[in-house]
Structures are given as structure tokens and as C-alpha cells.
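> Supplied structure: model31.txt, compact mmCIF, C-alpha atoms.
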# COMPACT_ATOMS: atom_id res chain seq x y z
CA MET A 68 100.39 146.59 90.33
CA ALA A 69 98.68 149.07 92.61
CA ASN A 70 95.36 148.33 94.22
CA GLU A 71 93.52 150.67 91.89
CA LYS A 72 94.23 148.47 88.88
CA LYS A 73 91.13 146.94 87.35
CA ILE A 74 90.75 143.17 87.18
CA GLY A 75 88.93 141.09 84.58
CA PHE A 76 87.52 137.68 85.48
CA ILE A 77 86.23 135.29 82.81
CA GLY A 78 84.39 132.22 84.07
CA LEU A 79 81.97 132.48 86.99
CA GLY A 80 81.42 128.79 87.62
CA ASN A 81 81.64 126.81 90.86
CA MET A 82 85.26 127.86 91.33
CA GLY A 83 85.38 131.13 89.43
CA PHE A 84 82.48 132.86 91.15
CA PRO A 85 83.86 132.63 94.70
CA MET A 86 87.37 133.54 93.53
CA ALA A 87 86.05 136.64 91.77
CA ARG A 88 83.95 137.47 94.84
CA ASN A 89 87.03 137.29 97.06
CA LEU A 90 88.75 139.83 94.81
CA LEU A 91 85.75 142.11 95.28
CA LYS A 92 85.97 141.63 99.04
CA LYS A 93 89.55 142.89 98.93
CA GLY A 94 88.30 146.12 97.40
CA TYR A 95 89.37 145.53 93.81
CA SER A 96 87.26 146.60 90.83
CA VAL A 97 86.32 143.40 89.03
CA TYR A 98 84.87 143.19 85.52
CA ALA A 99 83.37 139.74 85.00
CA LEU A 100 82.14 137.71 82.05
CA ASP A 101 80.43 134.32 81.83
CA ILE A 102 78.31 132.45 79.33
CA ASN A 103 75.77 132.01 82.16
CA LYS A 104 74.10 135.41 82.44
CA GLU A 105 72.44 134.46 85.73
CA SER A 106 75.90 134.11 87.26
CA GLU A 107 76.82 137.49 85.82
CA GLN A 108 73.70 139.04 87.30
CA SER A 109 74.46 137.56 90.72
CA PHE A 110 78.00 138.91 90.53
CA GLY A 111 76.71 142.32 89.51
CA GLU A 112 74.49 142.35 92.60
CA LEU A 113 77.65 141.97 94.69
CA GLY A 114 79.20 145.05 93.12
CA GLY A 115 81.00 143.59 90.13
CA HIS A 116 80.92 145.08 86.64
CA VAL A 117 79.05 142.84 84.17
CA GLY A 118 77.30 142.99 80.80
CA LEU A 119 80.56 143.01 78.85
CA THR A 120 82.04 141.28 75.84
CA THR A 121 85.58 139.95 75.76
CA ALA A 122 86.70 142.97 73.75
CA SER A 123 85.00 145.56 75.97
CA LEU A 124 86.28 143.86 79.14
CA LEU A 125 89.85 143.96 77.86
CA LYS A 126 89.60 147.69 77.24
CA GLU A 127 88.78 148.26 80.92
CA VAL A 128 91.31 146.07 82.73
CA ASP A 129 95.03 145.54 83.26
CA LEU A 130 94.85 141.96 84.55
CA VAL A 131 92.61 139.09 83.46
CA PHE A 132 91.93 135.89 85.39
CA THR A 133 90.23 132.96 83.67
CA SER A 134 88.61 129.94 85.33
CA LEU A 135 87.30 127.56 82.69
CA PRO A 136 86.07 123.95 82.76
CA THR A 137 87.90 122.27 79.87
CA PRO A 138 91.01 122.70 77.69
CA ALA A 139 88.84 123.12 74.58
CA ILE A 140 86.91 125.99 76.15
CA ALA A 141 90.12 127.58 77.43
CA GLU A 142 91.69 127.41 73.99
CA ASN A 143 88.68 129.07 72.42
CA VAL A 144 88.48 131.78 75.09
CA TYR A 145 92.15 132.62 74.63
CA LEU A 146 92.89 131.86 70.98
CA GLY A 147 89.51 131.92 69.24
CA GLU A 148 88.72 134.51 66.60
CA GLU A 149 87.03 136.69 69.22
CA GLY A 150 89.17 135.43 72.07
CA ILE A 151 91.40 137.28 74.49
CA VAL A 152 94.61 137.27 72.45
CA ASN A 153 92.95 138.53 69.27
CA SER A 154 90.79 141.08 71.10
CA ALA A 155 93.40 142.76 73.30
CA THR A 156 94.34 146.27 72.18
CA LYS A 157 96.77 147.11 75.01
CA PRO A 158 99.25 145.23 77.24
CA VAL A 159 97.42 143.01 79.71
CA VAL A 160 98.57 140.31 82.12
CA LEU A 161 96.70 137.03 81.63
CA VAL A 162 96.44 134.42 84.40
CA ASP A 163 94.70 131.14 83.65
CA LEU A 164 93.46 129.39 86.80
CA SER A 165 92.03 126.45 84.83
CA THR A 166 93.43 122.93 84.66
CA ILE A 167 94.34 122.46 81.02
CA SER A 168 97.34 120.77 79.39
CA PRO A 169 100.96 121.98 79.66
CA GLU A 170 101.11 122.13 75.86
CA LEU A 171 98.12 124.46 75.74
CA ASN A 172 99.66 126.67 78.43
CA ARG A 173 102.76 126.99 76.27
CA LYS A 174 100.75 127.59 73.10
CA ILE A 175 98.78 130.38 74.75
CA GLU A 176 101.96 132.02 76.05
CA ILE A 177 103.54 132.02 72.58
CA GLU A 178 100.47 133.64 71.02
CA ALA A 179 100.14 136.10 73.91
CA LEU A 180 103.75 137.26 73.72
CA GLN A 181 103.32 138.01 70.04
CA GLN A 182 100.58 140.48 71.02
CA ASN A 183 102.65 142.05 73.82
CA LEU A 184 100.64 140.22 76.48
CA GLU A 185 102.05 138.45 79.54
CA TYR A 186 100.74 135.00 80.50
CA LEU A 187 100.85 132.71 83.52
CA GLY A 188 99.48 129.18 83.82
CA ALA A 189 98.20 129.06 87.41
CA PRO A 190 95.91 126.09 88.15
CA VAL A 191 94.36 125.92 91.61
CA SER A 192 93.67 123.13 94.09
CA GLY A 193 91.40 123.07 97.10
CA SER A 194 87.89 122.43 95.78
CA VAL A 195 84.95 124.81 96.01
CA SER A 196 85.36 125.24 99.75
CA GLY A 197 88.91 126.46 99.17
CA ALA A 198 87.68 128.92 96.57
CA VAL A 199 85.00 130.21 98.95
CA ASN A 200 87.39 130.57 101.88
CA ALA A 201 90.36 131.85 99.83
CA THR A 202 92.50 128.92 101.01
CA LEU A 203 93.36 127.52 97.59
CA SER A 204 96.79 126.28 96.60
CA ILE A 205 97.92 127.99 93.39
CA MET A 206 100.73 126.53 91.26
CA VAL A 207 102.10 129.16 88.91
CA GLY A 208 104.24 128.68 85.84
CA GLY A 209 105.66 131.63 83.92
CA GLU A 210 108.08 134.53 84.17
CA LYS A 211 109.06 135.31 87.79
CA GLU A 212 108.68 139.06 87.27
CA THR A 213 105.13 138.62 85.97
CA PHE A 214 104.33 136.30 88.88
CA GLU A 215 105.57 138.86 91.41
CA SER A 216 103.51 141.60 89.78
CA VAL A 217 100.26 139.69 90.34
CA LEU A 218 101.14 137.99 93.62
CA PRO A 219 98.91 140.26 95.77
CA TYR A 220 95.93 139.32 93.61
CA LEU A 221 96.75 135.62 93.80
CA GLN A 222 97.00 135.94 97.58
CA ALA A 223 93.47 137.35 97.60
CA ILE A 224 92.14 134.03 96.29
CA GLY A 225 94.58 131.51 97.76
CA SER A 226 96.63 130.98 100.92
CA ASN A 227 99.33 128.79 99.36
CA VAL A 228 100.84 130.39 96.27
CA PHE A 229 103.84 128.78 94.60
CA HIS A 230 105.99 129.90 91.67
CA VAL A 231 107.01 126.56 90.17
CA GLY A 232 109.18 127.72 87.27
CA LYS A 233 109.50 129.76 84.10
CA ASP A 234 107.68 127.22 81.91
CA PRO A 235 104.00 128.28 81.82
CA GLY A 236 102.98 124.61 81.79
CA VAL A 237 104.94 123.44 84.82
CA GLY A 238 102.31 124.53 87.36
CA THR A 239 99.79 122.47 85.42
CA ILE A 240 102.04 119.42 85.64
CA VAL A 241 102.17 119.76 89.43
CA LYS A 242 98.38 120.21 89.56
CA LEU A 243 97.86 117.08 87.47
CA ILE A 244 100.18 115.11 89.76
CA ASN A 245 98.08 116.28 92.71
CA ASN A 246 94.79 115.37 91.05
CA MET A 247 96.12 112.02 89.90
CA MET A 248 96.96 111.19 93.51
CA ALA A 249 93.58 112.53 94.66
CA GLY A 250 91.87 110.29 92.10
CA ILE A 251 93.67 107.21 93.40
CA HIS A 252 92.80 108.17 97.00
CA ASN A 253 89.23 108.77 95.87
CA GLN A 254 88.88 105.23 94.58
CA ALA A 255 90.62 103.82 97.65
CA VAL A 256 88.05 105.50 99.91
CA ALA A 257 85.17 104.14 97.82
CA GLU A 258 86.50 100.59 97.91
CA ALA A 259 87.41 100.69 101.61
CA LEU A 260 83.99 101.93 102.72
CA SER A 261 82.27 99.46 100.41
CA LEU A 262 84.21 96.66 102.05
CA ALA A 263 83.21 97.96 105.47
CA LYS A 264 79.56 97.96 104.44
CA LEU A 265 79.76 94.41 103.07
CA ALA A 266 81.42 93.21 106.25
CA GLY A 267 78.81 94.87 108.43
CA VAL A 268 81.30 97.21 110.11
CA ASP A 269 80.02 100.65 111.12
CA GLN A 270 81.48 103.10 108.61
CA ASP A 271 81.72 105.84 111.25
CA ILE A 272 83.98 103.58 113.30
CA VAL A 273 86.06 102.72 110.22
CA TYR A 274 86.46 106.41 109.47
CA ASP A 275 87.45 107.29 113.06
CA ILE A 276 90.11 104.58 113.16
CA VAL A 277 91.56 105.03 109.67
CA ASN A 278 91.61 108.81 110.12
CA VAL A 279 94.20 108.43 112.91
CA SER A 280 96.07 105.59 111.20
CA SER A 281 98.29 105.13 108.15
CA GLY A 282 95.36 105.07 105.72
CA ALA A 283 94.32 108.64 106.56
CA SER A 284 94.02 111.25 103.83
CA THR A 285 92.28 114.56 103.23
CA ILE A 286 90.23 112.78 100.54
CA LEU A 287 88.96 110.30 103.14
CA THR A 288 87.76 113.15 105.35
CA ARG A 289 86.35 115.14 102.45
CA ASN A 290 84.52 112.27 100.80
CA TYR A 291 83.16 110.59 103.89
CA LYS A 292 82.18 113.56 106.02
CA THR A 293 80.74 115.77 103.28
CA TYR A 294 79.35 113.27 100.79
CA ILE A 295 79.19 109.56 101.57
CA SER A 296 77.96 109.75 105.18
CA GLN A 297 75.40 112.36 104.10
CA ASP A 298 74.35 110.48 100.97
CA GLU A 299 74.81 113.80 99.15
CA TYR A 300 76.83 113.93 95.95
CA ASN A 301 75.95 117.22 94.29
CA LYS A 302 76.59 120.14 96.66
CA GLY A 303 79.86 121.94 95.88
CA ALA A 304 80.93 119.04 93.70
CA PHE A 305 84.19 118.36 91.90
CA THR A 306 82.56 116.06 89.42
CA THR A 307 83.69 112.61 88.35
CA SER A 308 83.83 113.86 84.76
CA LEU A 309 86.29 116.60 85.79
CA LEU A 310 88.40 114.07 87.69
CA LEU A 311 88.43 111.81 84.64
CA LYS A 312 89.53 114.74 82.50
CA ASP A 313 92.46 115.44 84.83
CA LEU A 314 93.45 111.75 85.03
CA LYS A 315 93.56 111.65 81.23
CA LEU A 316 95.66 114.82 81.13
CA ALA A 317 98.09 113.34 83.67
CA LYS A 318 98.40 110.18 81.57
CA HIS A 319 98.95 112.32 78.46
CA VAL A 320 101.85 114.08 80.17
CA SER A 321 103.29 110.75 81.32
CA ASP A 322 102.92 109.20 77.87
CA SER A 323 104.67 112.19 76.28
CA LEU A 324 107.63 111.51 78.57
CA ASN A 325 107.54 107.73 77.96
CA GLY A 326 106.40 107.15 81.53
CA GLU A 327 104.16 104.50 83.11
CA LEU A 328 101.06 105.08 85.25
CA PRO A 329 99.58 101.58 85.70
CA ILE A 330 97.01 102.38 88.41
CA THR A 331 95.94 105.65 86.79
CA SER A 332 95.54 103.90 83.44
CA GLN A 333 93.24 101.29 84.97
CA LEU A 334 91.29 103.97 86.82
CA ILE A 335 90.70 105.87 83.58
CA LYS A 336 89.27 102.75 81.93
CA TYR A 337 87.06 102.07 84.95
CA TYR A 338 85.69 105.63 85.12
CA GLU A 339 85.13 105.75 81.37
CA GLU A 340 82.87 102.72 81.72
CA GLU A 341 81.08 103.90 84.85
CA VAL A 342 80.55 107.66 84.70
CA GLU A 343 78.07 107.54 81.86
CA LYS A 344 75.79 105.28 83.93
CA GLY A 345 74.61 108.34 85.83
CA HIS A 346 77.51 109.64 87.90
CA ALA A 347 79.38 111.88 85.46
CA HIS A 348 78.04 115.11 86.95
CA GLU A 349 78.03 114.02 90.58
CA ASP A 350 80.93 114.64 92.94
CA MET A 351 83.92 112.34 92.46
CA SER A 352 83.02 110.65 95.76
CA SER A 353 80.15 109.04 93.84
CA SER A 354 82.73 106.38 92.95
CA TYR A 355 81.30 104.81 96.12
CA LEU A 356 77.87 104.74 94.43
CA MET A 357 79.37 103.12 91.35
CA ILE A 358 80.42 100.15 93.48
CA GLN A 359 77.04 100.01 95.22
CA ASP A 360 75.31 100.05 91.84
CA LYS A 361 77.36 97.08 90.69
CA LEU A 362 76.70 95.15 93.89
CA ASN A 363 72.96 95.84 93.71
CA HIS A 364 72.91 94.77 90.08
CA GLN A 365 74.64 91.52 90.97
CA LYS A 366 72.09 90.81 93.73
CA GLN A 367 69.19 91.40 91.35
CA ASN A 368 70.64 88.91 88.90
CA VAL A 369 71.26 86.11 91.41
Can the structure in the file be given as C-alpha cells, please?


Amino acid sequence: MANEKKIGFIGLGNMGFPMARNLLKKGYSVYALDINKESEQSFGELGGHVGLTTASLLKEVDLVFTSLPTPAIAENVYLGEEGIVNSATKPVVLVDLSTISPELNRKIEIEALQQNLEYLGAPVSGSVSGAVNATLSIMVGGEKETFESVLPYLQAIGSNVFHVGKDPGVGTIVKLINNMMAGIHNQAVAEALSLAKLAGVDQDIVYDIVNVSSGASTILTRNYKTYISQDEYNKGAFTTSLLLKDLKLAKHVSDSLNGELPITSQLIKYYEEEVEKGHAHEDMSSSYLMIQDKLNHQKQNV
């Protein structure tokens, strides 16, 4: 695709907005759509084209990116009565940056191909900061030729772009493996720093030592420096509810292959019980607060 091709972007949320903005910064014409019209307005002020419907957007563009929060929303946006597949009137390349299920990736591809549309499942990793700085990792499943045709656009939003295989769901499987591991690290950080607090050990010292030892992880740095040490759990958040969604999707994939994920299974049960107590929409690092809440509750009942 040449640079003059027009790009559609559906989903201007915490991740979608900065990704779409980075495409604008590269000089591409971007036609954007979101249920939140304030986000659309903000994107229009940056030079994007807004005020569209799915059908009118598809008439303007040759490539559509989507960044959507849940599999149910993604399925409706793609396969609903007024969704992308049913509204397209010309060949368009579709790239879903959301984290959905491999089965849904495959279902969308089947429906898309029947309408002469190309489809890639391309979930991203790197949090909001990665989206802002265009340093995301992007794991792409789908036809290699289609991948190569959109590679320059993917490189405008991410610095680590991988073609994982022909199966449109295989990139999603890798993303779910990554987020499953991140979820386990997330809980490990919460429990470790809670233990440090109980033992009266300075958490800054614990962080400095562990960060240069075998317990180090990017999640430790992310969670402690940005959230826990600042007592701030909302800014730029990857929420606990989103993490729980991805853990459940990873378990679903494992179950479908007759696999076993003992720690992940226990973590799902734990988060299901805890997130609705007030931390569902806070950053996943609020797992530290979940432990503090329990400890405070125990003290009050002594």
C-alpha cells in the first residue's frame, strides 16, 4: 500500500486513540469512529476525519484498524447487522488490534473472506505508554502477503512487529500467553510488597534489590514505580477487569487443548472474588490494594 491510502480506525479508547494519533503523525489520512463522541471530537481536532458511520467510513478507506475492549464488542463491530463485514462495499483489509479469542479471529476471517475482505488478528502488548510512544509489540496472525501489505502501518504504531503464522488466531494465542504470565507476575509483585510492608522493610529498598536480582520483571518496575509507590491506580490503567478477561481467555484456550493452568485457574477465582469489591476498573496493580483491604478488614475484626 502506498502512503496515500486512507486508513480507518474504529475504537478510540485508552489504546486506540494514541495508536490512531501515531498514524496521523506519520502523515496518513485517518478516518476514525468511536461510540464516545468526545474522543472523536478530540481526534478531529488533531486532524483526523470524524463524524462517520461504519458504512460511510468503509467507503472512504482501504485499510481498517480496530481496537476494541471485549470479544463481544469486537464480534458486533465486525459481524453485527450493521458491522464491518456486512457494510463493506469494496475490498478492504481489516486488522483487529484487540485481544479477543482465537476462535473469534477465525470466525471473522471466514466471514470476511466471503465478502472479498482480507483479515488479520493482530493483538498488541505494551500498555498505554507503548501505544503513546509507538513501542508496542504486535503479534499478527493471517496471510503473509496481507501482513506484508500493511507492515508499514503496523510499524507506525509498534516497534516490535511479528508475523506468527497463517492462522488468524495464532497471534492472539501468543498475546494471551504473554498476559497470562503478566498476570502471574502482577500477583507476585502484590504479594511480595505486601510481605515487605508487614515485615517493616522499606519497599524502595526491596524494589532496588529485587530489580537487580532473580525476581526482577518489567511488571515489578511498572507496578511499583508507576502505581504502588505513587498510590495511584487509575492513570493510564490496564484494568484488573481486562486482566481477568485475558486470564479467562488463556484458560479457555488451554481447556480446549486439554491443558492445565493450575496457578492461572486459582488467580481467576481470586480475581473474580476481589475485583467487584471496588478494584475492577483500577489498574491491575491494584491487586496490592486487594491484599491491603483484606489485612485491614482482619485487623478491624480482631

> May I ask which of the residues A:Val162, A:Val152, A:Thr239, A:Ala266 is the closest one to A:Ile177, counting all atoms listed in the file?

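Once distances to A:Ile177 are computed over all atoms listed in the file, the minimum belongs to A:Val152.
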
> Suppose you want the space between atom CA of A:Tyr338 and atom CA of A:Gln359; what is it in Å?

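Going from atom CA of A:Tyr338 over to atom CA of A:Gln359 covers 14.4 Å.
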
> Give the answer as one residue: which of A:Lys344, A:Lys302, A:Lys72, A:Lys211 has the shortest atom-to-atom distance to A:Leu356, using only C-alpha atoms?

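Residue with the minimum atom-to-atom distance to A:Leu356: A:Lys344.
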
> Would you pick out the contacts of A:Glu210 at 9 Å or less, using all atoms listed in the file, so that residues sharing its chain but fewer than 6 positions from it are not included, and give the list as a VMD selection string?

chain A and resid 185 to 187 232 to 235

> Can you work out the spacing between atom CA of A:Ala317 and atom CA of A:Leu334 in Å, to one decimal?

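Taking atom CA of A:Ala317 and atom CA of A:Leu334, their separation equals 12.0 Å.
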
> Grab stretch 332-361 of chain A from that structure and dump N, CA and C atoms to a file, as a PDB file, in the first residue's frame.


ATOM      1  N   SER A 332      -5.648 -20.720  36.996  1.00  0.00           N
ATOM      2  CA  SER A 332      -7.010 -21.076  37.415  1.00  0.00           C
ATOM      3  C   SER A 332      -7.315 -20.518  38.799  1.00  0.00           C
ATOM      4  N   GLN A 333      -6.347 -20.627  39.716  1.00  0.00           N
ATOM      5  CA  GLN A 333      -6.541 -20.086  41.059  1.00  0.00           C
ATOM      6  C   GLN A 333      -6.608 -18.562  41.041  1.00  0.00           C
ATOM      7  N   LEU A 334      -5.809 -17.957  40.165  1.00  0.00           N
ATOM      8  CA  LEU A 334      -5.799 -16.499  40.074  1.00  0.00           C
ATOM      9  C   LEU A 334      -7.133 -15.979  39.540  1.00  0.00           C
ATOM     10  N   ILE A 335      -7.721 -16.693  38.602  1.00  0.00           N
ATOM     11  CA  ILE A 335      -9.032 -16.308  38.075  1.00  0.00           C
ATOM     12  C   ILE A 335     -10.068 -16.316  39.201  1.00  0.00           C
ATOM     13  N   LYS A 336     -10.089 -17.379  39.993  1.00  0.00           N
ATOM     14  CA  LYS A 336     -11.043 -17.463  41.105  1.00  0.00           C
ATOM     15  C   LYS A 336     -10.834 -16.317  42.091  1.00  0.00           C
ATOM     16  N   TYR A 337      -9.581 -16.035  42.398  1.00  0.00           N
ATOM     17  CA  TYR A 337      -9.254 -14.973  43.348  1.00  0.00           C
ATOM     18  C   TYR A 337      -9.722 -13.615  42.829  1.00  0.00           C
ATOM     19  N   TYR A 338      -9.398 -13.308  41.562  1.00  0.00           N
ATOM     20  CA  TYR A 338      -9.793 -12.010  40.999  1.00  0.00           C
ATOM     21  C   TYR A 338     -11.307 -11.899  40.846  1.00  0.00           C
ATOM     22  N   GLU A 339     -11.963 -12.990  40.521  1.00  0.00           N
ATOM     23  CA  GLU A 339     -13.422 -12.954  40.416  1.00  0.00           C
ATOM     24  C   GLU A 339     -14.053 -12.553  41.738  1.00  0.00           C
ATOM     25  N   GLU A 340     -13.458 -12.996  42.825  1.00  0.00           N
ATOM     26  CA  GLU A 340     -13.989 -12.671  44.150  1.00  0.00           C
ATOM     27  C   GLU A 340     -13.649 -11.246  44.574  1.00  0.00           C
ATOM     28  N   GLU A 341     -12.495 -10.754  44.125  1.00  0.00           N
ATOM     29  CA  GLU A 341     -11.976  -9.491  44.637  1.00  0.00           C
ATOM     30  C   GLU A 341     -12.309  -8.263  43.799  1.00  0.00           C
ATOM     31  N   VAL A 342     -12.357  -8.392  42.480  1.00  0.00           N
ATOM     32  CA  VAL A 342     -12.456  -7.186  41.643  1.00  0.00           C
ATOM     33  C   VAL A 342     -13.745  -6.410  41.873  1.00  0.00           C
ATOM     34  N   GLU A 343     -14.807  -7.123  42.198  1.00  0.00           N
ATOM     35  CA  GLU A 343     -16.081  -6.444  42.371  1.00  0.00           C
ATOM     36  C   GLU A 343     -16.184  -5.713  43.706  1.00  0.00           C
ATOM     37  N   LYS A 344     -15.149  -5.808  44.533  1.00  0.00           N
ATOM     38  CA  LYS A 344     -15.126  -5.085  45.804  1.00  0.00           C
ATOM     39  C   LYS A 344     -14.615  -3.660  45.633  1.00  0.00           C
ATOM     40  N   GLY A 345     -14.404  -3.243  44.392  1.00  0.00           N
ATOM     41  CA  GLY A 345     -14.019  -1.866  44.143  1.00  0.00           C
ATOM     42  C   GLY A 345     -12.798  -1.659  43.285  1.00  0.00           C
ATOM     43  N   HIS A 346     -12.184  -2.745  42.795  1.00  0.00           N
ATOM     44  CA  HIS A 346     -10.938  -2.610  42.056  1.00  0.00           C
ATOM     45  C   HIS A 346     -11.044  -3.023  40.593  1.00  0.00           C
ATOM     46  N   ALA A 347     -12.234  -3.309  40.118  1.00  0.00           N
ATOM     47  CA  ALA A 347     -12.402  -3.812  38.755  1.00  0.00           C
ATOM     48  C   ALA A 347     -11.875  -2.834  37.711  1.00  0.00           C
ATOM     49  N   HIS A 348     -12.090  -1.547  37.934  1.00  0.00           N
ATOM     50  CA  HIS A 348     -11.732  -0.545  36.931  1.00  0.00           C
ATOM     51  C   HIS A 348     -10.474   0.235  37.287  1.00  0.00           C
ATOM     52  N   GLU A 349      -9.749  -0.258  38.293  1.00  0.00           N
ATOM     53  CA  GLU A 349      -8.433   0.286  38.597  1.00  0.00           C
ATOM     54  C   GLU A 349      -7.375  -0.535  37.854  1.00  0.00           C
ATOM     55  N   ASP A 350      -6.162   0.014  37.792  1.00  0.00           N
ATOM     56  CA  ASP A 350      -5.074  -0.708  37.152  1.00  0.00           C
ATOM     57  C   ASP A 350      -4.872  -2.067  37.819  1.00  0.00           C
ATOM     58  N   MET A 351      -4.331  -3.013  37.049  1.00  0.00           N
ATOM     59  CA  MET A 351      -4.145  -4.367  37.581  1.00  0.00           C
ATOM     60  C   MET A 351      -3.233  -4.386  38.804  1.00  0.00           C
ATOM     61  N   SER A 352      -2.365  -3.376  38.947  1.00  0.00           N
ATOM     62  CA  SER A 352      -1.501  -3.291  40.121  1.00  0.00           C
ATOM     63  C   SER A 352      -2.286  -3.098  41.405  1.00  0.00           C
ATOM     64  N   SER A 353      -3.571  -2.795  41.302  1.00  0.00           N
ATOM     65  CA  SER A 353      -4.424  -2.669  42.492  1.00  0.00           C
ATOM     66  C   SER A 353      -4.618  -4.016  43.183  1.00  0.00           C
ATOM     67  N   SER A 354      -4.066  -5.082  42.620  1.00  0.00           N
ATOM     68  CA  SER A 354      -4.041  -6.358  43.344  1.00  0.00           C
ATOM     69  C   SER A 354      -3.323  -6.187  44.683  1.00  0.00           C
ATOM     70  N   TYR A 355      -2.404  -5.221  44.741  1.00  0.00           N
ATOM     71  CA  TYR A 355      -1.751  -4.868  46.013  1.00  0.00           C
ATOM     72  C   TYR A 355      -2.786  -4.324  47.001  1.00  0.00           C
ATOM     73  N   LEU A 356      -3.695  -3.482  46.511  1.00  0.00           N
ATOM     74  CA  LEU A 356      -4.744  -2.930  47.372  1.00  0.00           C
ATOM     75  C   LEU A 356      -5.700  -4.008  47.848  1.00  0.00           C
ATOM     76  N   MET A 357      -5.940  -5.007  47.016  1.00  0.00           N
ATOM     77  CA  MET A 357      -6.826  -6.101  47.424  1.00  0.00           C
ATOM     78  C   MET A 357      -6.295  -6.775  48.680  1.00  0.00           C
ATOM     79  N   ILE A 358      -4.978  -7.001  48.715  1.00  0.00           N
ATOM     80  CA  ILE A 358      -4.363  -7.626  49.885  1.00  0.00           C
ATOM     81  C   ILE A 358      -4.451  -6.694  51.091  1.00  0.00           C
ATOM     82  N   GLN A 359      -4.176  -5.404  50.866  1.00  0.00           N
ATOM     83  CA  GLN A 359      -4.249  -4.445  51.969  1.00  0.00           C
ATOM     84  C   GLN A 359      -5.665  -4.358  52.531  1.00  0.00           C
ATOM     85  N   ASP A 360      -6.648  -4.417  51.645  1.00  0.00           N
ATOM     86  CA  ASP A 360      -8.045  -4.396  52.094  1.00  0.00           C
ATOM     87  C   ASP A 360      -8.345  -5.577  53.007  1.00  0.00           C
ATOM     88  N   LYS A 361      -7.871  -6.752  52.611  1.00  0.00           N
ATOM     89  CA  LYS A 361      -8.110  -7.948  53.418  1.00  0.00           C
ATOM     90  C   LYS A 361      -7.426  -7.846  54.779  1.00  0.00           C
TER      91      LYS A 361
END
